[in-house]
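Asks: Sharing work.cif below, mmCIF, C-alpha atoms:
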data_start
#
loop_
_atom_site.group_PDB
_atom_site.id
_atom_site.type_symbol
_atom_site.label_atom_id
_atom_site.label_comp_id
_atom_site.auth_asym_id
_atom_site.auth_seq_id
_atom_site.Cartn_x
_atom_site.Cartn_y
_atom_site.Cartn_z
ATOM 1 C CA PRO M 1 24.207 -7.648 29.684
ATOM 2 C CA ILE M 2 20.776 -5.977 29.495
ATOM 3 C CA MET M 3 22.007 -3.504 26.844
ATOM 4 C CA ALA M 4 23.609 -6.354 24.888
ATOM 5 C CA ASP M 5 20.340 -8.314 24.999
ATOM 6 C CA ARG M 6 18.416 -5.250 23.825
ATOM 7 C CA HIS M 7 20.806 -4.712 20.926
ATOM 8 C CA GLN M 8 20.717 -8.407 19.977
ATOM 9 C CA THR M 9 16.915 -8.368 20.028
ATOM 10 C CA ALA M 10 16.853 -5.202 17.908
ATOM 11 C CA ARG M 11 19.365 -6.752 15.485
ATOM 12 C CA LYS M 12 17.226 -9.863 15.079
ATOM 13 C CA GLN M 13 14.099 -7.755 14.559
ATOM 14 C CA LEU M 14 15.849 -5.605 11.952
ATOM 15 C CA ASP M 15 17.141 -8.720 10.186
ATOM 16 C CA GLN M 16 13.563 -10.068 10.151
ATOM 17 C CA LEU M 17 12.326 -6.758 8.701
ATOM 18 C CA PHE M 18 15.060 -6.887 6.032
ATOM 19 C CA LEU M 19 14.050 -10.472 5.211
ATOM 20 C CA LEU M 20 10.337 -9.611 5.050
ATOM 21 C CA ASP M 21 10.993 -6.556 2.876
ATOM 22 C CA ALA M 22 13.344 -8.580 0.662
ATOM 23 C CA ALA M 23 10.796 -11.358 0.155
ATOM 24 C CA VAL M 24 7.950 -8.952 -0.587
ATOM 25 C CA SER M 25 10.191 -6.871 -2.883
ATOM 26 C CA LEU M 26 11.341 -9.930 -4.820
ATOM 27 C CA PHE M 27 7.771 -11.218 -5.152
ATOM 28 C CA LEU M 28 6.216 -7.878 -6.146
ATOM 29 C CA GLY M 29 9.162 -7.070 -8.398
ATOM 30 C CA GLY M 30 8.824 -10.375 -10.213
ATOM 31 C CA ALA M 31 5.046 -10.000 -10.460
ATOM 32 C CA SER M 32 5.431 -6.449 -11.799
ATOM 33 C CA LEU M 33 8.091 -7.457 -14.294
ATOM 34 C CA LEU M 34 5.968 -10.331 -15.594
ATOM 35 C CA SER M 35 2.586 -8.573 -15.354
ATOM 36 C CA PRO M 36 0.307 -9.423 -18.283
ATOM 37 C CA HIS M 37 -1.519 -6.852 -20.394
ATOM 38 C CA GLY M 38 -4.856 -8.023 -18.976
ATOM 39 C CA LEU M 39 -3.873 -7.046 -15.438
ATOM 40 C CA ILE M 40 -3.018 -3.511 -16.546
ATOM 41 C CA THR M 41 -6.316 -3.317 -18.420
ATOM 42 C CA PHE M 42 -8.240 -4.541 -15.358
ATOM 43 C CA VAL M 43 -6.581 -2.189 -12.875
ATOM 44 C CA ALA M 44 -6.462 0.887 -15.103
ATOM 45 C CA GLY M 45 -9.741 0.370 -16.914
ATOM 46 C CA GLY M 46 -7.885 0.177 -20.228
ATOM 47 C CA TYR M 47 -4.437 -0.759 -21.504
ATOM 48 C CA ASN M 48 -1.683 1.864 -21.348
ATOM 49 C CA HIS M 49 1.683 0.815 -22.774
ATOM 50 C CA ASN M 50 3.615 3.532 -20.909
ATOM 51 C CA ALA M 51 2.069 2.540 -17.566
ATOM 52 C CA HIS M 52 2.937 -1.096 -18.285
ATOM 53 C CA GLU M 53 6.528 -0.180 -19.080
ATOM 54 C CA ALA M 54 6.803 1.947 -15.909
ATOM 55 C CA LEU M 55 5.423 -0.948 -13.851
ATOM 56 C CA ARG M 56 7.991 -3.312 -15.330
ATOM 57 C CA LEU M 57 10.828 -0.862 -14.635
ATOM 58 C CA TYR M 58 9.597 -0.451 -11.046
ATOM 59 C CA GLY M 59 9.571 -4.243 -10.819
ATOM 60 C CA CYS M 60 13.251 -4.314 -11.778
ATOM 61 C CA LEU M 61 14.045 -1.816 -9.021
ATOM 62 C CA ARG M 62 12.063 -3.844 -6.452
ATOM 63 C CA ILE M 63 13.978 -6.988 -7.436
ATOM 64 C CA ALA M 64 17.289 -5.133 -6.953
ATOM 65 C CA VAL M 65 16.168 -3.755 -3.562
ATOM 66 C CA GLY M 66 15.021 -7.220 -2.498
ATOM 67 C CA TRP M 67 18.352 -8.743 -3.496
ATOM 68 C CA ILE M 68 20.276 -6.068 -1.579
ATOM 69 C CA LEU M 69 18.096 -6.436 1.536
ATOM 70 C CA PHE M 70 18.402 -10.203 1.466
ATOM 71 C CA HIS M 71 22.194 -9.933 1.525
ATOM 72 C CA ILE M 72 22.492 -6.971 3.903
ATOM 73 C CA ARG M 73 21.399 -9.089 6.861
ATOM 74 C CA SER M 74 24.919 -10.464 7.197
ATOM 75 C CA VAL M 75 26.509 -6.987 7.314
ATOM 76 C CA ASP M 76 27.714 -6.069 10.804
ATOM 77 C CA ASP M 77 28.587 -2.419 10.174
ATOM 78 C CA GLY M 78 26.116 -0.498 12.336
ATOM 79 C CA ARG M 79 26.724 2.795 10.569
ATOM 80 C CA PHE M 80 25.850 1.171 7.228
ATOM 81 C CA ARG M 81 22.730 -0.507 8.661
ATOM 82 C CA ARG M 82 21.588 2.854 10.085
ATOM 83 C CA SER M 83 22.089 4.507 6.702
ATOM 84 C CA VAL M 84 20.078 1.790 4.975
ATOM 85 C CA CYS M 85 17.248 2.152 7.511
ATOM 86 C CA GLU M 86 17.261 5.915 7.085
ATOM 87 C CA ALA M 87 17.230 5.667 3.284
ATOM 88 C CA LEU M 88 14.409 3.107 3.272
ATOM 89 C CA CYS M 89 12.398 5.118 5.794
ATOM 90 C CA ILE M 90 12.626 8.204 3.592
ATOM 91 C CA CYS M 91 12.023 6.188 0.426
ATOM 92 C CA TYR M 92 8.828 4.572 1.755
ATOM 93 C CA PHE M 93 7.484 7.897 3.035
ATOM 94 C CA LEU M 94 8.212 9.567 -0.314
ATOM 95 C CA GLN M 95 6.475 6.722 -2.136
ATOM 96 C CA SER M 96 3.424 7.074 0.098
ATOM 97 C CA ALA M 97 3.394 10.827 -0.571
ATOM 98 C CA ALA M 98 3.553 10.130 -4.322
ATOM 99 C CA VAL M 99 0.619 7.707 -4.059
ATOM 100 C CA LEU M 100 -1.356 10.240 -2.014
ATOM 101 C CA ARG M 101 -0.649 12.943 -4.574
ATOM 102 C CA ALA M 102 -1.670 10.606 -7.385
ATOM 103 C CA GLN M 103 -4.938 9.917 -5.615
ATOM 104 C CA TRP M 104 -5.627 13.640 -5.092
ATOM 105 C CA THR M 105 -4.766 14.669 -8.637
ATOM 106 C CA ASP M 106 -6.204 11.740 -10.622
ATOM 107 C CA THR M 107 -9.301 13.098 -12.314
ATOM 108 C CA SER M 108 -10.497 9.575 -13.156
ATOM 109 C CA LEU M 109 -10.894 8.887 -9.431
ATOM 110 C CA THR M 110 -13.031 11.968 -8.890
ATOM 111 C CA SER M 111 -15.029 11.892 -12.120
ATOM 112 C CA GLY M 112 -15.992 8.227 -11.990
ATOM 113 C CA GLY M 113 -13.659 6.718 -14.565
ATOM 114 C CA GLY M 114 -11.972 9.581 -16.367
ATOM 115 C CA GLY M 115 -14.357 9.805 -19.267
ATOM 116 C CA ASN M 116 -14.153 6.181 -20.304
ATOM 117 C CA GLY M 117 -17.284 5.305 -18.324
ATOM 118 C CA ASP M 118 -15.591 2.689 -16.156
ATOM 119 C CA ALA M 119 -16.629 3.590 -12.610
ATOM 120 C CA SER M 120 -15.464 0.183 -11.359
ATOM 121 C CA ALA M 121 -11.898 0.996 -12.431
ATOM 122 C CA SER M 122 -12.200 4.230 -10.454
ATOM 123 C CA SER M 123 -13.238 2.415 -7.263
ATOM 124 C CA ARG M 124 -10.494 -0.209 -7.800
ATOM 125 C CA GLY M 125 -7.952 2.607 -8.188
ATOM 126 C CA ARG M 126 -9.110 4.331 -5.009
ATOM 127 C CA TRP M 127 -9.015 1.062 -3.045
ATOM 128 C CA ILE M 128 -5.589 0.086 -4.393
ATOM 129 C CA HIS M 129 -4.167 3.560 -3.638
ATOM 130 C CA SER M 130 -5.432 3.402 -0.064
ATOM 131 C CA VAL M 131 -3.996 -0.049 0.631
ATOM 132 C CA VAL M 132 -0.648 0.760 -0.991
ATOM 133 C CA MET M 133 -0.384 4.055 0.879
ATOM 134 C CA CYS M 134 -1.028 2.365 4.240
ATOM 135 C CA LEU M 135 1.545 -0.354 3.535
ATOM 136 C CA LEU M 136 4.176 2.174 2.456
ATOM 137 C CA VAL M 137 3.620 4.301 5.571
ATOM 138 C CA ALA M 138 3.852 1.167 7.748
ATOM 139 C CA MET M 139 7.155 0.150 6.146
ATOM 140 C CA GLY M 140 8.512 3.686 6.557
ATOM 141 C CA CYS M 141 7.532 3.674 10.225
ATOM 142 C CA MET M 142 9.171 0.292 10.827
ATOM 143 C CA TYR M 143 12.465 1.439 9.318
ATOM 144 C CA GLY M 144 12.147 4.780 11.095
ATOM 145 C CA ARG M 145 11.772 2.963 14.412
ATOM 146 C CA PHE M 146 15.164 1.326 13.950
ATOM 147 C CA ARG M 147 16.876 4.452 12.678
ATOM 148 C CA PHE M 148 15.390 7.042 15.015
ATOM 149 C CA GLY M 149 13.910 5.035 17.916
ATOM 150 C CA LYS M 150 15.659 5.278 21.297
ATOM 151 C CA ASN M 151 17.538 8.324 19.970
ATOM 152 C CA GLY M 152 18.967 6.240 17.130
ATOM 153 C CA ASP M 153 20.541 3.768 19.538
ATOM 154 C CA LEU M 154 18.679 0.625 18.458
ATOM 155 C CA ILE M 155 21.424 -0.184 15.961
ATOM 156 C CA LYS M 156 24.686 -0.616 17.815
ATOM 157 C CA ILE M 157 27.805 0.927 16.308
ATOM 158 C CA TYR M 158 31.081 -0.497 17.508
ATOM 159 C CA GLU M 159 34.121 1.716 16.996
ATOM 160 C CA LEU M 160 37.713 0.875 17.644
ATOM 161 C CA PRO M 161 39.807 3.729 19.041
ATOM 162 C CA MET M 162 41.721 4.071 15.739
ATOM 163 C CA THR M 163 38.554 4.472 13.651
ATOM 164 C CA ALA M 164 37.024 7.144 15.875
ATOM 165 C CA SER M 165 38.974 9.903 14.124
ATOM 166 C CA ARG M 166 37.735 8.730 10.711
ATOM 167 C CA SER M 167 34.102 8.730 11.841
ATOM 168 C CA ILE M 168 34.027 12.529 11.810
ATOM 169 C CA ARG M 169 33.929 12.596 7.979
#
What do you get writing this file as structure tokens?
Replies:
Amino acid sequence: PIMADRHQTARKQLDQLFLLDAAVSLFLGGASLLSPHGLITFVAGGYNHNAHEALRLYGCLRIAVGWILFHIRSVDDGRFRRSVCEALCICYFLQSAAVLRAQWTDTSLTSGGGGNGDASASSRGRWIHSVVMCLLVAMGCMYGRFRFGKNGDLIKIYELPMTASRSIR
């Protein structure tokens, strides 16, 4: 009974994490997709059509991820839930590494505005990068806890004797 309670608690926590991630993904995806030109100008210190298009495309991906996470909560397959946690853990860590690299290699952040004289855009960029990086690392750690915590045993996998031979694949 204690193991069953632990697995039920972990299941509820993972479902809450999926719901939180889904809600945030749907919100940020919608906001990114519908972002006005003025927001891009404010954040970047000038309008860049390619950056705006990339933001909108990223918004579409976040909406799709949010939709998937919202519906995955009803899936009982432990192996599938582990795979999703593992993929999201890796995805969030890779995103945080990309943001860190962008911060290190962005000459506008080190030269006070990248030649356009907008030092305030540089400080906004540095602040936004730092916050985003911390949030991405936190999300990666939360998914990593479910996938790798307790030797990967937080997500219970139930196997029937007949399916055990197929699980070797």
Asks: When you look at Ser35 of chain M with a cut-off of 9 Å (counting all atoms listed in the file), what residues show up, excluding the ones that are within fewer than 5 positions of it in the same chain? I need them as a PyMOL selection string.
Replies: chain M and resi 30+40+52+55-56
Asks: With all atoms listed in the file as the basis for distance, which of M:Gln16, M:Ser25, M:Thr41, M:Thr9 is at the shortest distance from Ala64 of chain M?
Replies: M:Ser25
Asks: Could you tell me which of M:Phe70, M:Trp127, M:Phe18, M:Tyr58 comes closest to Leu33 of chain M if we count only C-alpha atoms?
Replies: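 Among M:Phe70, M:Trp127, M:Phe18, M:Tyr58, it is M:Tyr58 that comes nearest to Leu33 of chain M.
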Asks: Just checking: using all atoms listed in the file, which residue out of M:Asp15, M:Gly59, M:Glu86, M:Asn48 ends up closest to Leu28 of chain M?
Replies: M:Gly59
Asks: Let me know the residues the PyMOL selection byres ((chain M and resi 20) around 12) catches in the file above, as a list in words.
Replies: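 For this structure, the PyMOL selection byres ((chain M and resi 20) around 12) captures Gln13, Leu14, Asp15, Gln16, Leu17, Phe18, Leu19, Asp21, Ala22, Ala23, Val24, Ser25, Leu26, Phe27, Val65, Gly66, Trp67, Leu69, Phe70, Arg73, Met139 and Met142 of chain M.
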Asks: Please expand the PyMOL selection byres ((chain M and resi 75-80) around 8) into the concrete residues it hits in this file, giving the result as a list in words.
Replies: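 Applied to this file, the PyMOL selection byres ((chain M and resi 75-80) around 8) returns His71, Ile72, Arg73, Ser74, Arg81, Arg82, Ser83, Val84, Ile155, Lys156, Ile157 and Tyr158 of chain M.
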Asks: Which residue out of M:Asn50, M:Cys85, M:Ala98, M:Ala44 has the minimum interatomic distance to Gly152 of chain M when all atoms listed in the file are used?
Replies: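 Using all atoms listed in the file, Gly152 of chain M sits closest to M:Cys85.
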Asks: For atom CA of Val99 of chain M and atom CA of Arg145 of chain M, determine how far apart the two atoms are, in Å to one decimal place.
Replies: 22.1 Å
Asks: Given only C-alpha atoms as the basis, pick out the residue of M:Ser96, M:Ser32, M:Tyr47, M:Leu39 nearest to Leu61 of chain M.
Replies: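 Checking each of M:Ser96, M:Ser32, M:Tyr47, M:Leu39 against Leu61 of chain M, counting only C-alpha atoms, the winner is M:Ser32.
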